[in-house]
$ cat work_9.pdb   # PDB, C-alpha atoms
ATOM      1  CA  MET A   1      82.408 147.814 137.987
ATOM      2  CA  GLY A   2      84.360 149.822 140.571
ATOM      3  CA  ILE A   3      87.196 152.222 139.800
ATOM      4  CA  LEU A   4      89.902 149.888 141.150
ATOM      5  CA  GLU A   5      88.588 146.936 139.209
ATOM      6  CA  ARG A   6      88.450 148.986 136.014
ATOM      7  CA  ARG A   7      92.007 150.194 136.535
ATOM      8  CA  GLU A   8      93.213 146.640 137.061
ATOM      9  CA  ARG A   9      91.531 145.525 133.866
ATOM     10  CA  GLU A  10      93.036 148.428 131.968
ATOM     11  CA  LYS A  11      96.456 147.591 133.396
ATOM     12  CA  GLU A  12      96.106 143.960 132.371
ATOM     13  CA  GLN A  13      94.993 144.989 128.891
ATOM     14  CA  ARG A  14      97.983 147.274 128.467
ATOM     15  CA  HIS A  15     100.256 144.503 129.741
ATOM     16  CA  ASN A  16      98.897 142.172 127.049
ATOM     17  CA  ASP A  17      99.052 144.882 124.375
ATOM     18  CA  ILE A  18     102.753 145.374 125.126
ATOM     19  CA  ILE A  19     103.437 141.660 124.777
ATOM     20  CA  ASP A  20     101.469 141.633 121.502
ATOM     21  CA  ALA A  21     103.635 144.464 120.205
ATOM     22  CA  ALA A  22     106.814 142.793 121.449
ATOM     23  CA  GLU A  23     105.943 139.577 119.628
ATOM     24  CA  LYS A  24     105.614 141.435 116.348
ATOM     25  CA  VAL A  25     108.932 143.208 116.877
ATOM     26  CA  PHE A  26     110.961 140.296 118.230
ATOM     27  CA  PHE A  27     109.579 137.740 115.789
ATOM     28  CA  SER A  28     110.244 139.950 112.766
ATOM     29  CA  GLN A  29     113.581 141.498 113.784
ATOM     30  CA  GLY A  30     115.012 138.885 116.118
ATOM     31  CA  LEU A  31     115.779 139.414 119.793
ATOM     32  CA  GLU A  32     119.353 140.542 119.154
ATOM     33  CA  HIS A  33     118.393 143.380 116.812
ATOM     34  CA  ALA A  34     115.106 144.473 118.377
ATOM     35  CA  THR A  35     115.062 147.259 120.966
ATOM     36  CA  MET A  36     112.694 148.475 123.635
ATOM     37  CA  ASP A  37     112.305 151.640 121.554
ATOM     38  CA  ASP A  38     110.979 149.484 118.708
ATOM     39  CA  VAL A  39     108.482 147.858 121.038
ATOM     40  CA  ALA A  40     107.363 151.208 122.443
ATOM     41  CA  VAL A  41     106.713 152.518 118.942
ATOM     42  CA  LYS A  42     104.781 149.400 117.951
ATOM     43  CA  ALA A  43     102.736 149.534 121.180
ATOM     44  CA  GLU A  44     102.167 153.297 120.706
ATOM     45  CA  LEU A  45     103.468 153.983 124.207
ATOM     46  CA  SER A  46     106.280 156.044 125.630
ATOM     47  CA  LYS A  47     109.428 154.170 126.542
ATOM     48  CA  GLY A  48     108.904 155.252 130.157
ATOM     49  CA  THR A  49     105.470 153.603 130.229
ATOM     50  CA  LEU A  50     106.946 150.448 128.746
ATOM     51  CA  TYR A  51     109.477 150.219 131.573
ATOM     52  CA  LEU A  52     106.683 150.493 134.140
ATOM     53  CA  TYR A  53     105.554 147.066 132.969
ATOM     54  CA  PHE A  54     108.814 145.376 131.975
ATOM     55  CA  LYS A  55     112.274 146.112 133.338
ATOM     56  CA  SER A  56     114.203 144.957 130.282
ATOM     57  CA  LYS A  57     114.042 143.450 126.828
ATOM     58  CA  GLU A  58     114.978 140.109 128.369
ATOM     59  CA  GLU A  59     112.067 140.236 130.818
ATOM     60  CA  LEU A  60     109.686 141.052 127.982
ATOM     61  CA  TYR A  61     110.995 138.108 125.989
ATOM     62  CA  LEU A  62     110.379 135.877 129.005
ATOM     63  CA  ALA A  63     106.766 137.064 129.003
ATOM     64  CA  ILE A  64     106.548 135.827 125.412
ATOM     65  CA  HIS A  65     108.060 132.521 126.497
ATOM     66  CA  LEU A  66     105.396 132.310 129.194
ATOM     67  CA  ARG A  67     102.669 132.639 126.571
ATOM     68  CA  GLY A  68     104.241 129.913 124.490
ATOM     69  CA  ASN A  69     104.542 127.577 127.451
ATOM     70  CA  GLN A  70     100.883 128.090 128.288
ATOM     71  CA  ILE A  71      99.982 126.972 124.769
ATOM     72  CA  LEU A  72     102.317 123.983 125.034
ATOM     73  CA  LYS A  73     100.819 122.925 128.360
ATOM     74  CA  SER A  74      97.322 123.026 126.859
ATOM     75  CA  MET A  75      98.495 120.934 123.907
ATOM     76  CA  PHE A  76     100.051 118.367 126.240
ATOM     77  CA  GLU A  77      96.852 118.173 128.300
ATOM     78  CA  ALA A  78      94.776 117.638 125.176
ATOM     79  CA  ALA A  79      97.225 115.030 123.862
ATOM     80  CA  VAL A  80      97.223 112.792 126.950
ATOM     81  CA  SER A  81      93.430 112.971 127.258
ATOM     82  CA  ARG A  82      92.959 111.289 123.878
ATOM     83  CA  PHE A  83      94.678 107.998 124.694
ATOM     84  CA  PRO A  84      93.891 105.251 127.230
ATOM     85  CA  THR A  85      97.346 103.824 127.993
ATOM     86  CA  GLY A  86     100.445 105.395 129.496
ATOM     87  CA  ILE A  87     102.775 104.520 126.619
ATOM     88  CA  GLU A  88     100.346 106.070 124.137
ATOM     89  CA  LYS A  89     100.064 109.180 126.295
ATOM     90  CA  VAL A  90     103.849 109.576 126.351
ATOM     91  CA  ARG A  91     104.087 109.207 122.588
ATOM     92  CA  ALA A  92     101.228 111.696 122.190
ATOM     93  CA  VAL A  93     103.136 114.246 124.286
ATOM     94  CA  GLY A  94     106.132 113.871 121.979
ATOM     95  CA  ARG A  95     104.011 114.405 118.887
ATOM     96  CA  ALA A  96     102.316 117.390 120.514
ATOM     97  CA  TYR A  97     105.740 118.910 121.177
ATOM     98  CA  LEU A  98     106.667 118.487 117.509
ATOM     99  CA  GLU A  99     103.331 119.969 116.460
ATOM    100  CA  PHE A 100     103.959 122.917 118.776
ATOM    101  CA  TYR A 101     107.315 123.570 117.096
ATOM    102  CA  LYS A 102     105.758 123.427 113.629
ATOM    103  CA  LYS A 103     102.829 125.688 114.501
ATOM    104  CA  TYR A 104     104.626 128.101 116.830
ATOM    105  CA  PRO A 105     108.344 128.165 115.914
ATOM    106  CA  ASP A 106     108.817 131.639 117.373
ATOM    107  CA  TYR A 107     107.430 130.559 120.728
ATOM    108  CA  PHE A 108     109.637 127.471 120.561
ATOM    109  CA  HIS A 109     112.728 129.648 120.082
ATOM    110  CA  ALA A 110     111.659 131.878 122.981
ATOM    111  CA  MET A 111     111.442 128.774 125.145
ATOM    112  CA  ILE A 112     114.898 127.647 124.023
ATOM    113  CA  TYR A 113     116.246 131.067 125.004
ATOM    114  CA  TYR A 114     114.814 130.607 128.481
ATOM    115  CA  GLU A 115     116.167 127.078 128.808
ATOM    116  CA  SER A 116     119.679 128.092 127.727
ATOM    117  CA  HIS A 117     120.097 131.014 130.163
ATOM    118  CA  ASN A 118     120.318 131.349 133.926
ATOM    119  CA  PHE A 119     117.915 133.623 135.768
ATOM    120  CA  ASP A 120     117.407 134.897 139.293
ATOM    121  CA  TYR A 121     114.471 133.065 140.856
ATOM    122  CA  GLN A 122     114.694 134.675 144.299
ATOM    123  CA  ASP A 123     111.770 136.955 143.474
ATOM    124  CA  THR A 124     108.966 134.416 143.435
ATOM    125  CA  GLU A 125     106.661 136.861 141.637
ATOM    126  CA  SER A 126     109.099 137.610 138.803
ATOM    127  CA  ILE A 127     108.389 136.534 135.240
ATOM    128  CA  ALA A 128     111.368 134.177 135.392
ATOM    129  CA  SER A 129     109.844 132.454 138.431
ATOM    130  CA  GLN A 130     106.492 132.227 136.657
ATOM    131  CA  CYS A 131     108.265 130.576 133.716
ATOM    132  CA  MET A 132     109.921 128.085 136.056
ATOM    133  CA  LYS A 133     106.630 127.182 137.756
ATOM    134  CA  LEU A 134     104.748 126.777 134.491
ATOM    135  CA  GLY A 135     107.588 124.735 133.016
ATOM    136  CA  ALA A 136     107.445 122.401 136.005
ATOM    137  CA  ALA A 137     103.670 122.040 135.603
ATOM    138  CA  THR A 138     104.092 121.260 131.909
ATOM    139  CA  LEU A 139     106.740 118.628 132.597
ATOM    140  CA  GLU A 140     104.503 117.150 135.296
ATOM    141  CA  ILE A 141     102.040 116.119 132.568
ATOM    142  CA  LEU A 142     104.726 113.889 131.070
ATOM    143  CA  ILE A 143     105.752 112.578 134.478
ATOM    144  CA  GLU A 144     102.138 111.612 135.226
ATOM    145  CA  ALA A 145     101.816 109.917 131.819
ATOM    146  CA  ILE A 146     104.896 107.809 132.582
ATOM    147  CA  GLU A 147     103.538 106.943 136.029
ATOM    148  CA  TYR A 148     100.227 105.989 134.444
ATOM    149  CA  GLY A 149     102.023 103.667 132.050
ATOM    150  CA  LYS A 150     103.980 102.018 134.860
ATOM    151  CA  GLN A 151     100.699 101.342 136.649
ATOM    152  CA  ASP A 152      98.809 100.014 133.615
ATOM    153  CA  GLY A 153     101.730  97.819 132.572
ATOM    154  CA  THR A 154     102.532  99.493 129.248
ATOM    155  CA  ILE A 155     105.741 101.168 130.506
ATOM    156  CA  ARG A 156     108.632  99.500 132.297
ATOM    157  CA  SER A 157     108.211  99.617 136.062
ATOM    158  CA  ASP A 158     111.955  99.862 136.769
ATOM    159  CA  ILE A 159     112.457 103.385 135.418
ATOM    160  CA  ASP A 160     112.467 106.633 137.398
ATOM    161  CA  SER A 161     109.534 108.708 136.144
ATOM    162  CA  LYS A 162     111.006 112.151 136.826
ATOM    163  CA  LYS A 163     114.447 111.371 135.419
ATOM    164  CA  THR A 164     112.857 109.768 132.377
ATOM    165  CA  ALA A 165     110.634 112.793 131.765
ATOM    166  CA  VAL A 166     113.591 115.177 131.929
ATOM    167  CA  SER A 167     115.575 112.891 129.624
ATOM    168  CA  LEU A 168     112.734 112.734 127.083
ATOM    169  CA  TRP A 169     112.306 116.490 127.224
ATOM    170  CA  GLY A 170     116.027 116.958 126.504
ATOM    171  CA  GLN A 171     116.069 114.396 123.702
ATOM    172  CA  SER A 172     112.992 115.826 122.011
ATOM    173  CA  THR A 173     114.190 119.409 122.268
ATOM    174  CA  GLY A 174     117.609 118.457 120.972
ATOM    175  CA  ILE A 175     116.446 116.484 117.949
ATOM    176  CA  ILE A 176     113.999 119.223 116.954
ATOM    177  CA  GLN A 177     116.764 121.831 117.175
ATOM    178  CA  ILE A 178     119.239 119.731 115.220
ATOM    179  CA  THR A 179     116.815 119.013 112.411
ATOM    180  CA  ALA A 180     115.768 122.650 112.248
ATOM    181  CA  LEU A 181     119.310 124.039 112.137
ATOM    182  CA  LYS A 182     121.142 121.271 110.266
ATOM    183  CA  GLU A 183     118.530 119.936 107.853
ATOM    184  CA  PHE A 184     120.685 120.722 104.800
ATOM    185  CA  ILE A 185     123.668 118.843 106.243
ATOM    186  CA  LEU A 186     121.524 115.875 107.243
ATOM    187  CA  ILE A 187     120.187 115.585 103.709
ATOM    188  CA  SER A 188     123.363 116.368 101.746
ATOM    189  CA  ASN A 189     125.834 114.405 103.895
ATOM    190  CA  HIS A 190     123.693 111.615 105.300
ATOM    191  CA  GLU A 191     120.579 111.474 103.071
ATOM    192  CA  ILE A 192     118.361 111.748 106.139
ATOM    193  CA  ARG A 193     115.226 113.882 106.128
ATOM    194  CA  SER A 194     114.176 115.775 109.241
ATOM    195  CA  GLU A 195     110.845 113.985 109.555
ATOM    196  CA  GLU A 196     112.594 110.650 109.184
ATOM    197  CA  ILE A 197     115.103 111.154 112.006
ATOM    198  CA  ILE A 198     112.484 112.654 114.338
ATOM    199  CA  GLU A 199     110.202 109.664 113.790
ATOM    200  CA  TYR A 200     113.162 107.324 114.296
ATOM    201  CA  THR A 201     113.993 109.053 117.588
ATOM    202  CA  PHE A 202     110.412 108.764 118.795
ATOM    203  CA  ASP A 203     110.425 105.044 117.907
ATOM    204  CA  LEU A 204     113.642 104.515 119.867
ATOM    205  CA  ILE A 205     112.079 106.189 122.887
ATOM    206  CA  TYR A 206     108.894 104.154 122.514
ATOM    207  CA  HIS A 207     110.725 100.823 122.425
ATOM    208  CA  ALA A 208     113.018 101.846 125.288
ATOM    209  CA  LEU A 209     110.038 102.574 127.509
ATOM    210  CA  LYS A 210     107.491  99.918 126.664
ATOM    211  CA  THR A 211     107.249  96.579 128.424
TER     212      THR A 211
END
$ encode --input "work_9.pdb" --output "structure tokens"
Amino acid sequence: MGILERREREKEQRHNDIIDAAEKVFFSQGLEHATMDDVAVKAELSKGTLYLYFKSKEELYLAIHLRGNQILKSMFEAAVSRFPTGIEKVRAVGRAYLEFYKKYPDYFHAMIYYESHNFDYQDTESIASQCMKLGAATLEILIEAIEYGKQDGTIRSDIDSKKTAVSLWGQSTGIIQITALKEFILISNHEIRSEEIIEYTFDLIYHALKT
């Protein structure tokens, strides 16, 4: 291994170590209360070194979001590969999204932070731009599943695949957030359990899409 290659590997390792440290800090303290000083201490680096890799706390949190989205994309890919028809693939994506939230709630919240804020995408190499590209690739899995269903006759042929995918993404994200934040109100005021309303939502989507 040459000197340049070794330095690049060391740089990549430090980059990942910083994100590892940031996850521990942000997930335990919350983004609002955590500081770059806290991350530097956890990573056992100087604050100056930390800023060589990440310009701000926000950028570092986006790097965490990127990790989460990579996991989600892999889960979506695995989900669609297990079923033969388009409508089943779409439903599998929805269940994979719910599973992702249950297994990785901190990553889910990092993704919500990204989705609810505006970023500058002019720098195509920025972390924000990487998040945008990966998000598009993840959504494309759902778009392709819908297209597959339109072709195999299990999903209505009159719908727009891209608009439907975006709509399903918004509905799924919204219902997961509502049930997570307002579970007590749903139970006490309406006698509805979180799992019940999520399953009901998925059924509505299924029947709206299928032929």
$ resolve_selection --input "work_9.pdb" --expression "the PyMOL selection byres ((chain A and resi 145-150) around 10)" --output "NGL selection string"
:A and (80 or 84-93 or 140-144 or 151-162 or 164-165 or 209-211)
$ closest_residue --input "work_9.pdb" --among "A:Ile197, A:Leu4, A:Ala96, A:Leu139" --to "A:Ser81" --atoms "all atoms listed in the file"
A:Ala96
$ atom_distance --input "work_9.pdb" --atom1 "atom CA of A:Phe83" --atom2 "atom CA of A:Glu199"
19.0 Å
$ closest_atom_pairs --input "work_9.pdb" --of "stretch 88-149 of chain A" --to "stretch 17-39 of chain A" --cutoff "12 Å" --atoms "all atoms listed in the file" --output "CSV"
residue,atom,partner,partner_atom,distance
A:Tyr104,CA,A:Phe27,CA,10.9
A:Pro105,CA,A:Phe27,CA,9.7
A:Asp106,CA,A:Phe27,CA,6.3
A:Tyr107,CA,A:Phe27,CA,9.0
A:Phe108,CA,A:Phe27,CA,11.3
A:His109,CA,A:Phe27,CA,9.7
A:Ala110,CA,A:Leu31,CA,9.2
A:Tyr113,CA,A:Leu31,CA,9.9
$ atom_distance --input "work_9.pdb" --atom1 "atom CA of A:Ser74" --atom2 "atom CA of A:Ser194"
25.4 Å
$ residues_near_point --input "work_9.pdb" --point "(116.6, 130.3, 126.1)" --cutoff "12 Å" --atoms "all atoms listed in the file" --output "PyMOL selection string"
chain A and resi 31+58-59+61-62+64-66+106-119+128+131+173
$ residues_around --input "work_9.pdb" --residues "A:Lys103" --least-positions-apart "6" --cutoff "12 Å" --atoms "all atoms listed in the file" --output "JSON list (two decimals) with C-alpha atoms, in the coordinates of the input"
[["chain", "number", "residue", "atom", "x", "y", "z"],
["A", 68, "GLY", "CA", 104.24, 129.91, 124.49],
["A", 71, "ILE", "CA", 99.98, 126.97, 124.77],
["A", 72, "LEU", "CA", 102.32, 123.98, 125.03],
["A", 75, "MET", "CA", 98.50, 120.93, 123.91],
["A", 96, "ALA", "CA", 102.32, 117.39, 120.51],
["A", 97, "TYR", "CA", 105.74, 118.91, 121.18]]
$ atom_distance --input "work_9.pdb" --atom1 "atom CA of A:Thr179" --atom2 "atom CA of A:Ile198"
7.9 Å
$ closest_residue --input "work_9.pdb" --among "A:Ser126, A:Ala79, A:Tyr101, A:Lys73" --to "A:Gln177" --atoms "all atoms listed in the file"
A:Tyr101
$ closest_residue --input "work_9.pdb" --among "A:Leu168, A:Gln130, A:Tyr53, A:His190" --to "A:Tyr206" --atoms "all atoms listed in the file"
A:Leu168
$ closest_residue --input "work_9.pdb" --among "A:Asn69, A:Gly170, A:Arg95, A:Leu181" --to "A:Lys133" --atoms "only C-alpha atoms"
A:Asn69
$ build_atoms --input "work_9.pdb" --residues "stretch 14-25 of chain A" --atoms "all heavy atoms" --output "short mmCIF file (atom, residue, chain, number, x, y, z; two decimals), keeping the file's coordinate frame"
data_model
loop_
_atom_site.label_atom_id
_atom_site.label_comp_id
_atom_site.auth_asym_id
_atom_site.auth_seq_id
_atom_site.Cartn_x
_atom_site.Cartn_y
_atom_site.Cartn_z
N ARG A 14 96.76 146.64 128.96
CA ARG A 14 97.98 147.27 128.47
C ARG A 14 99.16 146.31 128.54
O ARG A 14 100.00 146.27 127.63
CB ARG A 14 98.29 148.53 129.28
CG ARG A 14 99.56 149.25 128.85
CD ARG A 14 99.62 150.64 129.39
NE ARG A 14 98.65 151.52 128.73
CZ ARG A 14 98.50 152.80 129.03
NH1 ARG A 14 99.23 153.37 129.97
NH2 ARG A 14 97.59 153.52 128.39
N HIS A 15 99.22 145.52 129.59
CA HIS A 15 100.26 144.50 129.74
C HIS A 15 100.23 143.55 128.54
O HIS A 15 101.26 143.26 127.93
CB HIS A 15 100.02 143.74 131.05
CG HIS A 15 100.97 142.62 131.31
ND1 HIS A 15 100.76 141.35 130.82
CD2 HIS A 15 102.14 142.59 132.00
CE1 HIS A 15 101.76 140.57 131.20
NE2 HIS A 15 102.61 141.28 131.92
N ASN A 16 99.03 143.09 128.18
CA ASN A 16 98.90 142.17 127.05
C ASN A 16 99.19 142.86 125.72
O ASN A 16 99.77 142.25 124.81
CB ASN A 16 97.49 141.57 127.03
CG ASN A 16 97.26 140.59 128.17
OD1 ASN A 16 98.18 139.91 128.60
ND2 ASN A 16 96.03 140.53 128.66
N ASP A 17 98.79 144.13 125.61
CA ASP A 17 99.05 144.88 124.38
C ASP A 17 100.56 145.03 124.16
O ASP A 17 101.04 144.97 123.01
CB ASP A 17 98.40 146.26 124.44
CG ASP A 17 96.88 146.21 124.34
OD1 ASP A 17 96.35 145.16 123.92
OD2 ASP A 17 96.23 147.21 124.70
N ILE A 18 101.29 145.24 125.23
CA ILE A 18 102.75 145.37 125.13
C ILE A 18 103.37 144.06 124.66
O ILE A 18 104.25 144.05 123.78
CB ILE A 18 103.36 145.80 126.47
CG1 ILE A 18 102.95 147.23 126.81
CG2 ILE A 18 104.89 145.69 126.44
CD1 ILE A 18 103.35 147.68 128.20
N ILE A 19 102.91 142.96 125.20
CA ILE A 19 103.44 141.66 124.78
C ILE A 19 103.09 141.40 123.32
O ILE A 19 103.91 140.88 122.54
CB ILE A 19 102.92 140.53 125.68
CG1 ILE A 19 103.34 140.76 127.13
CG2 ILE A 19 103.44 139.17 125.20
CD1 ILE A 19 102.77 139.75 128.11
N ASP A 20 101.86 141.77 122.91
CA ASP A 20 101.47 141.63 121.50
C ASP A 20 102.43 142.40 120.60
O ASP A 20 102.89 141.89 119.57
CB ASP A 20 100.05 142.16 121.29
CG ASP A 20 98.99 141.27 121.91
OD1 ASP A 20 99.28 140.09 122.19
OD2 ASP A 20 97.86 141.76 122.13
N ALA A 21 102.73 143.63 121.00
CA ALA A 21 103.64 144.46 120.20
C ALA A 21 105.04 143.87 120.20
O ALA A 21 105.71 143.85 119.15
CB ALA A 21 103.66 145.88 120.77
N ALA A 22 105.48 143.38 121.34
CA ALA A 22 106.81 142.79 121.45
C ALA A 22 106.95 141.56 120.56
O ALA A 22 108.00 141.35 119.94
CB ALA A 22 107.11 142.44 122.90
N GLU A 23 105.90 140.76 120.49
CA GLU A 23 105.94 139.58 119.63
C GLU A 23 106.17 139.98 118.17
O GLU A 23 107.00 139.39 117.47
CB GLU A 23 104.65 138.79 119.75
CG GLU A 23 104.52 138.00 121.04
CD GLU A 23 103.30 137.11 121.05
OE1 GLU A 23 102.53 137.13 120.06
OE2 GLU A 23 103.11 136.37 122.03
N LYS A 24 105.47 140.99 117.73
CA LYS A 24 105.61 141.44 116.35
C LYS A 24 107.03 141.93 116.08
O LYS A 24 107.62 141.66 115.03
CB LYS A 24 104.59 142.53 116.04
CG LYS A 24 103.14 142.05 116.08
CD LYS A 24 102.16 143.20 115.91
CE LYS A 24 100.72 142.73 116.02
NZ LYS A 24 99.75 143.86 115.93
N VAL A 25 107.58 142.65 117.04
CA VAL A 25 108.93 143.21 116.88
C VAL A 25 109.99 142.12 116.97
O VAL A 25 110.85 141.99 116.09
CB VAL A 25 109.19 144.30 117.94
CG1 VAL A 25 110.66 144.73 117.90
CG2 VAL A 25 108.28 145.50 117.71
#
